[in-house]
>>> print(open('run_33.cif').read())   # mmCIF, C-alpha atoms
data_target
loop_
_atom_site.group_PDB
_atom_site.id
_atom_site.type_symbol
_atom_site.label_atom_id
_atom_site.label_comp_id
_atom_site.auth_asym_id
_atom_site.auth_seq_id
_atom_site.Cartn_x
_atom_site.Cartn_y
_atom_site.Cartn_z
ATOM 1 C CA TRP A 1 -18.388 14.735 -12.901
ATOM 2 C CA THR A 2 -15.701 12.834 -14.770
ATOM 3 C CA ILE A 3 -13.255 14.620 -17.059
ATOM 4 C CA GLN A 4 -10.144 14.076 -19.102
ATOM 5 C CA SER A 5 -9.041 17.591 -19.906
ATOM 6 C CA ALA A 6 -6.338 20.211 -19.576
ATOM 7 C CA THR A 7 -5.931 22.665 -16.724
ATOM 8 C CA ASN A 8 -9.033 24.764 -17.371
ATOM 9 C CA GLY A 9 -11.275 21.705 -17.456
ATOM 10 C CA ILE A 10 -9.940 20.450 -14.133
ATOM 11 C CA TYR A 11 -10.319 23.938 -12.641
ATOM 12 C CA GLU A 12 -13.927 24.104 -13.822
ATOM 13 C CA ALA A 13 -14.772 20.692 -12.439
ATOM 14 C CA LEU A 14 -13.236 21.457 -9.033
ATOM 15 C CA ALA A 15 -15.070 24.800 -8.896
ATOM 16 C CA TYR A 16 -18.323 23.029 -9.746
ATOM 17 C CA VAL A 17 -18.049 20.460 -6.928
ATOM 18 C CA ALA A 18 -16.503 22.765 -4.299
ATOM 19 C CA PRO A 19 -19.788 24.214 -2.927
ATOM 20 C CA LYS A 20 -21.004 20.669 -2.246
ATOM 21 C CA ARG A 21 -17.635 19.403 -1.010
ATOM 22 C CA GLY A 22 -17.479 16.960 -3.900
ATOM 23 C CA GLN A 23 -14.974 14.879 -5.815
ATOM 24 C CA VAL A 24 -13.477 15.113 -9.306
ATOM 25 C CA TYR A 25 -12.416 11.897 -11.020
ATOM 26 C CA LEU A 26 -9.740 11.717 -13.696
ATOM 27 C CA ARG A 27 -9.785 8.908 -16.236
ATOM 28 C CA ALA A 28 -6.879 6.568 -16.819
ATOM 29 C CA GLY A 29 -4.254 7.521 -19.358
ATOM 30 C CA LEU A 30 -1.914 10.371 -20.216
ATOM 31 C CA SER A 31 -3.669 12.173 -23.057
ATOM 32 C CA GLY A 32 -5.402 15.399 -22.022
ATOM 33 C CA ASN A 33 -4.139 15.528 -18.442
ATOM 34 C CA THR A 34 -1.538 18.264 -18.925
ATOM 35 C CA ILE A 35 -1.610 21.115 -16.414
ATOM 36 C CA HIS A 36 -0.168 24.602 -16.764
ATOM 37 C CA GLY A 37 0.581 27.001 -13.940
ATOM 38 C CA THR A 38 -0.797 25.985 -10.539
ATOM 39 C CA LEU A 39 -3.805 23.740 -10.112
ATOM 40 C CA ASN A 40 -5.542 24.750 -6.873
ATOM 41 C CA VAL A 41 -7.593 22.052 -5.156
ATOM 42 C CA PRO A 42 -10.185 23.984 -3.088
ATOM 43 C CA ASP A 43 -11.017 23.292 0.558
ATOM 44 C CA TYR A 44 -13.107 20.163 1.189
ATOM 45 C CA THR A 45 -12.709 18.714 -2.316
ATOM 46 C CA SER A 46 -10.946 15.673 -3.755
ATOM 47 C CA LEU A 47 -9.056 15.020 -6.985
ATOM 48 C CA ILE A 48 -8.962 11.287 -7.660
ATOM 49 C CA GLY A 49 -7.326 9.174 -10.341
ATOM 50 C CA THR A 50 -7.494 5.457 -11.014
ATOM 51 C CA GLU A 51 -4.200 4.177 -9.574
ATOM 52 C CA MET A 52 -4.951 2.463 -6.246
ATOM 53 C CA LEU A 53 -2.026 0.099 -5.723
ATOM 54 C CA ASN A 54 -0.710 -0.661 -2.246
ATOM 55 C CA HIS A 55 2.761 -1.038 -3.721
ATOM 56 C CA ARG A 56 4.385 0.450 -6.824
ATOM 57 C CA ASN A 57 7.506 -1.281 -8.118
ATOM 58 C CA VAL A 58 9.764 1.382 -9.604
ATOM 59 C CA ASN A 59 11.514 -1.259 -11.710
ATOM 60 C CA HIS A 60 8.357 -2.565 -13.375
ATOM 61 C CA PHE A 61 7.821 -2.778 -17.118
ATOM 62 C CA SER A 62 7.108 0.446 -18.962
ATOM 63 C CA ASP A 63 3.429 -0.196 -19.694
ATOM 64 C CA SER A 64 2.618 -0.013 -15.977
ATOM 65 C CA TYR A 65 3.115 3.769 -16.128
ATOM 66 C CA THR A 66 0.336 4.352 -18.641
ATOM 67 C CA LEU A 67 -2.351 2.146 -17.130
ATOM 68 C CA GLY A 68 -3.436 4.620 -14.453
ATOM 69 C CA THR A 69 -4.116 8.348 -14.411
ATOM 70 C CA VAL A 70 -1.019 10.324 -15.440
ATOM 71 C CA ILE A 71 -0.728 14.116 -15.100
ATOM 72 C CA GLU A 72 1.943 15.887 -17.147
ATOM 73 C CA ILE A 73 3.477 19.049 -15.669
ATOM 74 C CA VAL A 74 5.072 21.409 -18.156
ATOM 75 C CA ASP A 75 5.607 24.748 -16.366
ATOM 76 C CA GLY A 76 8.147 25.981 -13.815
ATOM 77 C CA LYS A 77 11.405 24.777 -15.337
ATOM 78 C CA GLY A 78 14.438 26.547 -13.864
ATOM 79 C CA THR A 79 13.011 27.554 -10.471
ATOM 80 C CA THR A 80 11.853 25.950 -7.230
ATOM 81 C CA THR A 81 9.424 28.779 -6.455
ATOM 82 C CA GLY A 82 5.722 27.957 -6.569
ATOM 83 C CA GLN A 83 4.064 24.583 -7.048
ATOM 84 C CA ALA A 84 2.188 22.585 -9.667
ATOM 85 C CA ILE A 85 -0.684 21.571 -7.362
ATOM 86 C CA SER A 86 -1.761 23.347 -4.181
ATOM 87 C CA LEU A 87 -3.999 21.695 -1.603
ATOM 88 C CA GLY A 88 -6.483 23.444 0.664
ATOM 89 C CA THR A 89 -7.815 22.226 3.992
ATOM 90 C CA ASN A 90 -9.596 18.862 4.149
ATOM 91 C CA THR A 91 -8.578 17.972 0.606
ATOM 92 C CA THR A 92 -7.673 14.592 -0.856
ATOM 93 C CA LEU A 93 -5.323 13.793 -3.731
ATOM 94 C CA LYS A 94 -5.390 10.142 -4.675
ATOM 95 C CA GLY A 95 -4.467 7.667 -7.380
ATOM 96 C CA ILE A 96 -2.349 9.860 -9.700
ATOM 97 C CA THR A 97 1.060 9.512 -11.380
ATOM 98 C CA PHE A 98 3.025 12.717 -12.109
ATOM 99 C CA TYR A 99 5.427 13.189 -15.014
ATOM 100 C CA TYR A 100 7.647 16.054 -16.246
ATOM 101 C CA PRO A 101 8.176 15.556 -19.987
ATOM 102 C CA ASP A 102 10.858 18.282 -20.210
ATOM 103 C CA GLN A 103 13.028 17.001 -17.363
ATOM 104 C CA VAL A 104 16.381 15.540 -18.388
ATOM 105 C CA ASN A 105 18.162 12.382 -17.312
ATOM 106 C CA SER A 106 21.332 14.190 -16.279
ATOM 107 C CA ASN A 107 23.626 14.860 -13.340
ATOM 108 C CA THR A 108 22.493 18.493 -13.729
ATOM 109 C CA PRO A 109 18.700 18.128 -13.920
ATOM 110 C CA PHE A 110 16.394 21.106 -14.305
ATOM 111 C CA GLU A 111 14.998 22.628 -11.138
ATOM 112 C CA TYR A 112 11.221 22.621 -10.808
ATOM 113 C CA PRO A 113 8.833 23.785 -8.073
ATOM 114 C CA PRO A 114 7.308 21.131 -5.826
ATOM 115 C CA THR A 115 4.758 18.956 -7.562
ATOM 116 C CA ILE A 116 2.388 19.170 -4.585
ATOM 117 C CA LYS A 117 2.341 21.833 -1.882
ATOM 118 C CA THR A 118 -0.045 22.258 1.041
ATOM 119 C CA ASN A 119 -1.430 25.735 1.685
ATOM 120 C CA TYR A 120 -0.773 27.740 4.852
ATOM 121 C CA GLY A 121 -2.978 26.729 7.798
ATOM 122 C CA ILE A 122 -4.452 23.576 6.269
ATOM 123 C CA GLU A 123 -5.820 20.674 8.308
ATOM 124 C CA ASP A 124 -6.578 17.043 7.524
ATOM 125 C CA VAL A 125 -5.073 16.753 4.045
ATOM 126 C CA GLN A 126 -4.671 13.273 2.573
ATOM 127 C CA ILE A 127 -2.327 12.302 -0.257
ATOM 128 C CA GLU A 128 -2.566 8.627 -1.093
ATOM 129 C CA TYR A 129 -1.595 6.210 -3.863
ATOM 130 C CA CYS A 130 0.420 8.856 -5.704
ATOM 131 C CA TYR A 131 3.535 8.241 -7.783
ATOM 132 C CA THR A 132 6.166 10.494 -9.299
ATOM 133 C CA ILE A 133 8.245 9.499 -12.272
ATOM 134 C CA ASN A 134 10.679 12.423 -12.134
ATOM 135 C CA SER A 135 9.651 15.290 -9.836
ATOM 136 C CA TYR A 136 12.534 17.518 -8.745
ATOM 137 C CA ILE A 137 10.726 18.081 -5.413
ATOM 138 C CA PHE A 138 7.652 15.918 -4.926
ATOM 139 C CA ILE A 139 5.633 16.923 -1.813
ATOM 140 C CA ASP A 140 6.168 20.134 0.177
ATOM 141 C CA ALA A 141 4.354 20.527 3.498
ATOM 142 C CA THR A 142 6.560 23.236 5.003
ATOM 143 C CA LEU A 143 3.850 25.832 5.644
ATOM 144 C CA SER A 144 1.992 25.759 8.973
ATOM 145 C CA HIS A 145 -0.443 22.818 9.053
ATOM 146 C CA ASN A 146 -2.141 20.132 11.142
ATOM 147 C CA GLN A 147 -2.696 16.420 10.587
ATOM 148 C CA LEU A 148 -1.239 15.575 7.191
ATOM 149 C CA LEU A 149 -1.603 11.990 6.003
ATOM 150 C CA LEU A 150 0.755 10.624 3.331
ATOM 151 C CA ARG A 151 0.140 6.974 2.534
ATOM 152 C CA ASN A 152 1.306 4.752 -0.319
ATOM 153 C CA ILE A 153 3.607 7.335 -1.907
ATOM 154 C CA PHE A 154 6.080 6.001 -4.457
ATOM 155 C CA GLY A 155 8.459 7.004 -7.192
ATOM 156 C CA GLN A 156 11.675 8.702 -8.165
ATOM 157 C CA PRO A 157 11.967 12.283 -6.887
ATOM 158 C CA ILE A 158 15.282 13.584 -8.143
ATOM 159 C CA TYR A 159 16.237 16.053 -5.404
ATOM 160 C CA LYS A 160 13.758 15.907 -2.505
ATOM 161 C CA GLY A 161 10.883 13.528 -1.949
ATOM 162 C CA ILE A 162 8.891 14.878 1.018
ATOM 163 C CA ARG A 163 9.479 18.057 3.024
ATOM 164 C CA VAL A 164 7.681 18.642 6.344
ATOM 165 C CA ASP A 165 7.937 21.695 8.606
ATOM 166 C CA GLN A 166 5.642 23.657 10.973
ATOM 167 C CA ALA A 167 3.553 20.554 11.699
ATOM 168 C CA TRP A 168 1.485 21.474 14.743
ATOM 169 C CA ASP A 169 -0.402 18.215 15.154
ATOM 170 C CA THR A 170 0.271 14.609 14.217
ATOM 171 C CA ASP A 171 1.502 13.996 10.663
ATOM 172 C CA ILE A 172 1.535 10.404 9.416
ATOM 173 C CA LEU A 173 3.869 9.129 6.676
ATOM 174 C CA GLU A 174 3.150 5.492 5.874
ATOM 175 C CA ASN A 175 4.351 3.110 3.163
ATOM 176 C CA ILE A 176 6.717 5.490 1.389
ATOM 177 C CA LYS A 177 9.088 4.062 -1.228
ATOM 178 C CA PHE A 178 11.529 6.253 -3.157
ATOM 179 C CA LYS A 179 14.201 4.902 -5.454
ATOM 180 C CA SER A 180 16.261 6.985 -7.834
ATOM 181 C CA THR A 181 15.969 5.271 -11.199
ATOM 182 C CA TRP A 182 14.781 6.799 -14.446
ATOM 183 C CA TYR A 183 11.962 5.995 -16.835
ATOM 184 C CA ASP A 184 11.313 8.041 -19.976
ATOM 185 C CA LEU A 185 7.544 7.953 -20.342
ATOM 186 C CA GLY A 186 7.591 9.988 -23.541
ATOM 187 C CA HIS A 187 9.726 7.406 -25.370
ATOM 188 C CA GLN A 188 8.542 4.328 -23.447
ATOM 189 C CA VAL A 189 12.097 3.289 -22.601
ATOM 190 C CA TRP A 190 14.398 2.774 -19.638
ATOM 191 C CA PRO A 191 17.484 4.910 -20.335
ATOM 192 C CA ASP A 192 20.698 4.415 -18.431
ATOM 193 C CA PRO A 193 19.868 5.866 -14.985
ATOM 194 C CA THR A 194 23.497 6.515 -14.058
ATOM 195 C CA ALA A 195 23.352 10.293 -14.634
ATOM 196 C CA SER A 196 20.231 10.997 -12.608
ATOM 197 C CA GLN A 197 21.348 8.575 -9.917
ATOM 198 C CA ALA A 198 24.658 10.415 -9.630
ATOM 199 C CA PHE A 199 22.821 13.652 -8.852
ATOM 200 C CA SER A 200 20.509 12.000 -6.298
ATOM 201 C CA ILE A 201 23.342 10.123 -4.627
ATOM 202 C CA ALA A 202 25.327 13.356 -4.273
ATOM 203 C CA ASN A 203 22.451 15.702 -3.384
ATOM 204 C CA GLY A 204 19.146 13.902 -2.890
ATOM 205 C CA ILE A 205 17.131 13.823 0.344
ATOM 206 C CA ALA A 206 14.230 11.391 0.434
ATOM 207 C CA ILE A 207 12.461 12.873 3.485
ATOM 208 C CA GLU A 208 13.264 16.190 5.185
ATOM 209 C CA ILE A 209 11.679 16.942 8.569
ATOM 210 C CA GLY A 210 11.805 20.291 10.374
ATOM 211 C CA ARG A 211 9.511 21.452 13.177
ATOM 212 C CA ALA A 212 7.046 18.648 13.927
ATOM 213 C CA ASP A 213 4.900 18.356 17.056
ATOM 214 C CA TRP A 214 4.380 14.618 16.576
ATOM 215 C CA ILE A 215 5.153 12.850 13.340
ATOM 216 C CA ARG A 216 4.841 9.125 12.678
ATOM 217 C CA LEU A 217 6.786 7.241 10.020
ATOM 218 C CA ARG A 218 6.014 3.633 9.132
ATOM 219 C CA HIS A 219 7.384 1.486 6.300
ATOM 220 C CA VAL A 220 9.685 4.103 4.781
ATOM 221 C CA TYR A 221 12.223 3.106 2.107
ATOM 222 C CA ALA A 222 14.782 5.227 0.238
ATOM 223 C CA PHE A 223 17.521 4.049 -2.106
ATOM 224 C CA TYR A 224 20.122 5.967 -4.176
ATOM 225 C CA TYR A 225 19.883 9.148 -2.079
ATOM 226 C CA TRP A 226 22.549 11.134 -0.262
ATOM 227 C CA ILE A 227 20.345 11.206 2.860
ATOM 228 C CA GLY A 228 17.343 9.009 3.595
ATOM 229 C CA ILE A 229 15.753 10.996 6.439
ATOM 230 C CA TYR A 230 17.153 14.434 7.271
ATOM 231 C CA MET A 231 16.043 16.164 10.485
ATOM 232 C CA GLU A 232 16.684 19.851 11.137
ATOM 233 C CA PRO A 233 15.393 22.435 13.677
ATOM 234 C CA GLY A 234 12.703 23.837 11.364
ATOM 235 C CA SER A 235 10.738 27.054 11.749
ATOM 236 C CA PRO A 236 10.140 28.248 14.392
ATOM 237 C CA THR A 237 12.744 26.288 16.322
#
>>> encode(input="run_33.cif", output="structure tokens")
Amino acid sequence: WTIQSATNGIYEALAYVAPKRGQVYLRAGLSGNTIHGTLNVPDYTSLIGTEMLNHRNVNHFSDSYTLGTVIEIVDGKGTTTGQAISLGTNTTLKGITFYYPDQVNSNTPFEYPPTIKTNYGIEDVQIEYCYTINSYIFIDATLSHNQLLLRNIFGQPIYKGIRVDQAWDTDILENIKFKSTWYDLGHQVWPDPTASQAFSIANGIAIEIGRADWIRLRHVYAFYYWIGIYMEPGSPT
């Protein structure tokens, strides 16, 4: 089942494949892949785009952002509560670029909920080959979980890149590259990144780690952030 549709179409496709533990494939391009509210990826399913690069250069030419699957996120401005995409147990999210068309290149950017959040009690979730152009918070795995795999994760989260807490079995973060620059996908231009960089340099945290019973980091890179890797007691301590 291959679709290029808005939220309801993606919901319908995921619901269709869920009983058989199937996969939904999104075509390349931006048109039609706008989601509203929260897109729930059910247990044992996969949502897969076309972008499978082992490395994503955040300073590449503008056309590189429209060659793969791009999902636009338009809801949630002004709050960090909620999420754009929620992942159930044994789910996979792969090969997708995320873009917020209403975000501003400013030293006072709009707050948004996390782009991706793992559900409570999940196990064996994989997020691979995913890229954010301008998420406020990119990946949130702060609810109780086991064995999260993040591999080949790139982009420009403005405030926080990855948050991990209540990790009860080995999480793996591998080949992570965050750099605070700015690309305006809607206008196909590189504006002056100074404003957004100023916010990230003063406030940004690339990776935040709380309670983790084993966590492995390999090939992690963060540039233009206040803190690269921040470790805190977490919950429960």
>>> atom_distance(input="run_33.cif", atom1="CA of Tyr136 in chain A", atom2="CA of Thr80 in chain A")
8.6 Å
>>> residues_around(input="run_33.cif", residues="range 91-103 of chain A", least_positions_apart="3", cutoff="9 Å", atoms="only C-alpha atoms", output="JSON, numbers by chain")
{"A": [23, 26, 41, 42, 43, 44, 45, 46, 47, 48, 49, 50, 51, 52, 53, 65, 66, 68, 69, 70, 71, 72, 73, 74, 75, 77, 87, 88, 106, 109, 110, 111, 112, 115, 122, 123, 124, 125, 126, 127, 128, 129, 130, 131, 132, 133, 134, 135, 136, 155, 184, 185, 186]}
>>> resolve_selection(input="run_33.cif", expression="the PyMOL selection byres ((chain A and resi 212-223) around 9)", output="JSON, numbers by chain")
{"A": [164, 165, 166, 167, 168, 169, 170, 171, 172, 173, 174, 175, 176, 177, 178, 179, 180, 201, 205, 206, 207, 209, 210, 211, 224, 225, 226, 227, 228, 229, 234]}
>>> residues_around(input="run_33.cif", residues="Ser200 in chain A", least_positions_apart="4", cutoff="6 Å", atoms="only C-alpha atoms", output="PyMOL selection string")
chain A and resi 158-159+204+225
>>> atom_distance(input="run_33.cif", atom1="CA of Arg151 in chain A", atom2="CA of Lys20 in chain A")
25.6 Å
>>> residues_near_point(input="run_33.cif", point="(-12.4, 19.3, -12.0)", cutoff="8 Å", atoms="all atoms listed in the file", output="mmCIF file with C-alpha atoms, in the coordinates of the input")
data_model
loop_
_atom_site.group_PDB
_atom_site.id
_atom_site.type_symbol
_atom_site.label_atom_id
_atom_site.label_comp_id
_atom_site.auth_asym_id
_atom_site.auth_seq_id
_atom_site.Cartn_x
_atom_site.Cartn_y
_atom_site.Cartn_z
ATOM 1 C CA TRP A 1 -18.388 14.735 -12.901
ATOM 2 C CA THR A 2 -15.701 12.834 -14.770
ATOM 3 C CA ILE A 3 -13.255 14.620 -17.059
ATOM 4 C CA GLY A 9 -11.275 21.705 -17.456
ATOM 5 C CA ILE A 10 -9.940 20.450 -14.133
ATOM 6 C CA TYR A 11 -10.319 23.938 -12.641
ATOM 7 C CA GLU A 12 -13.927 24.104 -13.822
ATOM 8 C CA ALA A 13 -14.772 20.692 -12.439
ATOM 9 C CA LEU A 14 -13.236 21.457 -9.033
ATOM 10 C CA ALA A 15 -15.070 24.800 -8.896
ATOM 11 C CA TYR A 16 -18.323 23.029 -9.746
ATOM 12 C CA VAL A 17 -18.049 20.460 -6.928
ATOM 13 C CA VAL A 24 -13.477 15.113 -9.306
ATOM 14 C CA TYR A 25 -12.416 11.897 -11.020
ATOM 15 C CA LEU A 47 -9.056 15.020 -6.985
#
>>> residues_around(input="run_33.cif", residues="Ile162 in chain A", least_positions_apart="4", cutoff="8 Å", atoms="only C-alpha atoms", output="JSON, numbers by chain")
{"A": [137, 138, 139, 140, 141, 206, 207, 208]}
>>> write_last_selection(input="run_33.cif", atoms="C-alpha atoms", output="mmCIF file, in the frame of the given file")
data_model
loop_
_atom_site.group_PDB
_atom_site.id
_atom_site.type_symbol
_atom_site.label_atom_id
_atom_site.label_comp_id
_atom_site.auth_asym_id
_atom_site.auth_seq_id
_atom_site.Cartn_x
_atom_site.Cartn_y
_atom_site.Cartn_z
ATOM 1 C CA ILE A 137 10.726 18.081 -5.413
ATOM 2 C CA PHE A 138 7.652 15.918 -4.926
ATOM 3 C CA ILE A 139 5.633 16.923 -1.813
ATOM 4 C CA ASP A 140 6.168 20.134 0.177
ATOM 5 C CA ALA A 141 4.354 20.527 3.498
ATOM 6 C CA ALA A 206 14.230 11.391 0.434
ATOM 7 C CA ILE A 207 12.461 12.873 3.485
ATOM 8 C CA GLU A 208 13.264 16.190 5.185
#
>>> atom_distance(input="run_33.cif", atom1="CA of Thr79 in chain A", atom2="CA of Leu150 in chain A")
25.0 Å
>>> closest_residue(input="run_33.cif", among="A:Thr38, A:Asn8, A:Thr118, A:Gln197", to="Thr89 in chain A", atoms="all atoms listed in the file")
A:Thr118
>>> decode(input="run_33.cif", residues="range 164-174 of chain A", atoms="all heavy atoms", output="mmCIF file, in the first residue's frame")
data_model
loop_
_atom_site.group_PDB
_atom_site.id
_atom_site.type_symbol
_atom_site.label_atom_id
_atom_site.label_comp_id
_atom_site.auth_asym_id
_atom_site.auth_seq_id
_atom_site.Cartn_x
_atom_site.Cartn_y
_atom_site.Cartn_z
ATOM 1 N N VAL A 164 16.026 11.401 26.255
ATOM 2 C CA VAL A 164 15.881 10.017 26.696
ATOM 3 C C VAL A 164 15.748 9.996 28.212
ATOM 4 O O VAL A 164 16.529 10.630 28.918
ATOM 5 C CB VAL A 164 17.088 9.155 26.267
ATOM 6 C CG1 VAL A 164 16.981 7.754 26.852
ATOM 7 C CG2 VAL A 164 17.203 9.087 24.747
ATOM 8 N N ASP A 165 14.760 9.259 28.709
ATOM 9 C CA ASP A 165 14.592 9.060 30.149
ATOM 10 C C ASP A 165 13.849 7.736 30.340
ATOM 11 O O ASP A 165 13.224 7.214 29.399
ATOM 12 C CB ASP A 165 13.800 10.223 30.762
ATOM 13 C CG ASP A 165 13.931 10.287 32.286
ATOM 14 O OD1 ASP A 165 14.691 9.483 32.851
ATOM 15 O OD2 ASP A 165 13.260 11.147 32.901
ATOM 16 N N GLN A 166 13.925 7.168 31.547
ATOM 17 C CA GLN A 166 13.234 5.922 31.887
ATOM 18 C C GLN A 166 13.526 4.832 30.861
ATOM 19 O O GLN A 166 12.621 4.135 30.397
ATOM 20 C CB GLN A 166 11.730 6.151 32.022
ATOM 21 C CG GLN A 166 11.358 7.152 33.095
ATOM 22 C CD GLN A 166 9.874 7.196 33.343
ATOM 23 O OE1 GLN A 166 9.305 6.245 33.888
ATOM 24 N NE2 GLN A 166 9.230 8.280 32.925
ATOM 25 N N ALA A 167 14.804 4.684 30.510
ATOM 26 C CA ALA A 167 15.236 3.643 29.580
ATOM 27 C C ALA A 167 15.676 2.434 30.394
ATOM 28 O O ALA A 167 16.718 2.461 31.040
ATOM 29 C CB ALA A 167 16.381 4.157 28.720
ATOM 30 N N TRP A 168 14.899 1.375 30.350
ATOM 31 C CA TRP A 168 15.110 0.236 31.244
ATOM 32 C C TRP A 168 15.941 -0.872 30.619
ATOM 33 O O TRP A 168 16.272 -1.848 31.289
ATOM 34 C CB TRP A 168 13.759 -0.313 31.709
ATOM 35 C CG TRP A 168 12.945 0.741 32.390
ATOM 36 C CD1 TRP A 168 11.855 1.392 31.900
ATOM 37 C CD2 TRP A 168 13.192 1.319 33.671
ATOM 38 N NE1 TRP A 168 11.391 2.329 32.783
ATOM 39 C CE2 TRP A 168 12.198 2.307 33.893
ATOM 40 C CE3 TRP A 168 14.161 1.113 34.658
ATOM 41 C CZ2 TRP A 168 12.146 3.068 35.061
ATOM 42 C CZ3 TRP A 168 14.103 1.870 35.814
ATOM 43 C CH2 TRP A 168 13.098 2.829 36.007
ATOM 44 N N ASP A 169 16.252 -0.765 29.367
ATOM 45 C CA ASP A 169 17.169 -1.703 28.723
ATOM 46 C C ASP A 169 17.909 -0.923 27.647
ATOM 47 O O ASP A 169 17.565 0.219 27.352
ATOM 48 C CB ASP A 169 16.427 -2.900 28.135
ATOM 49 C CG ASP A 169 17.314 -4.123 27.965
ATOM 50 O OD1 ASP A 169 18.546 -3.976 28.061
ATOM 51 O OD2 ASP A 169 16.782 -5.225 27.731
ATOM 52 N N THR A 170 18.886 -1.517 27.027
ATOM 53 C CA THR A 170 19.871 -0.800 26.230
ATOM 54 C C THR A 170 19.264 0.031 25.106
ATOM 55 O O THR A 170 18.620 -0.496 24.200
ATOM 56 C CB THR A 170 20.880 -1.795 25.632
ATOM 57 O OG1 THR A 170 21.401 -2.617 26.667
ATOM 58 C CG2 THR A 170 22.013 -1.058 24.951
ATOM 59 N N ASP A 171 19.482 1.347 25.160
ATOM 60 C CA ASP A 171 19.192 2.245 24.042
ATOM 61 C C ASP A 171 20.476 2.447 23.250
ATOM 62 O O ASP A 171 21.572 2.499 23.820
ATOM 63 C CB ASP A 171 18.694 3.598 24.530
ATOM 64 C CG ASP A 171 17.248 3.564 25.012
ATOM 65 O OD1 ASP A 171 16.639 2.489 24.979
ATOM 66 O OD2 ASP A 171 16.753 4.627 25.434
ATOM 67 N N ILE A 172 20.341 2.582 21.936
ATOM 68 C CA ILE A 172 21.493 2.812 21.069
ATOM 69 C C ILE A 172 21.252 4.069 20.239
ATOM 70 O O ILE A 172 20.232 4.173 19.554
ATOM 71 C CB ILE A 172 21.747 1.609 20.139
ATOM 72 C CG1 ILE A 172 22.062 0.356 20.964
ATOM 73 C CG2 ILE A 172 22.892 1.916 19.175
ATOM 74 C CD1 ILE A 172 22.196 -0.903 20.142
ATOM 75 N N LEU A 173 22.171 5.025 20.327
ATOM 76 C CA LEU A 173 22.145 6.238 19.512
ATOM 77 C C LEU A 173 23.409 6.230 18.665
ATOM 78 O O LEU A 173 24.521 6.321 19.202
ATOM 79 C CB LEU A 173 22.100 7.494 20.383
ATOM 80 C CG LEU A 173 20.759 7.891 21.015
ATOM 81 C CD1 LEU A 173 20.241 6.856 21.983
ATOM 82 C CD2 LEU A 173 20.903 9.246 21.711
ATOM 83 N N GLU A 174 23.251 6.143 17.357
ATOM 84 C CA GLU A 174 24.397 5.934 16.475
ATOM 85 C C GLU A 174 24.303 6.819 15.233
ATOM 86 O O GLU A 174 23.270 6.879 14.580
ATOM 87 C CB GLU A 174 24.463 4.461 16.061
ATOM 88 C CG GLU A 174 25.652 4.102 15.200
ATOM 89 C CD GLU A 174 25.703 2.615 14.933
ATOM 90 O OE1 GLU A 174 26.107 1.857 15.841
ATOM 91 O OE2 GLU A 174 25.321 2.198 13.824
#
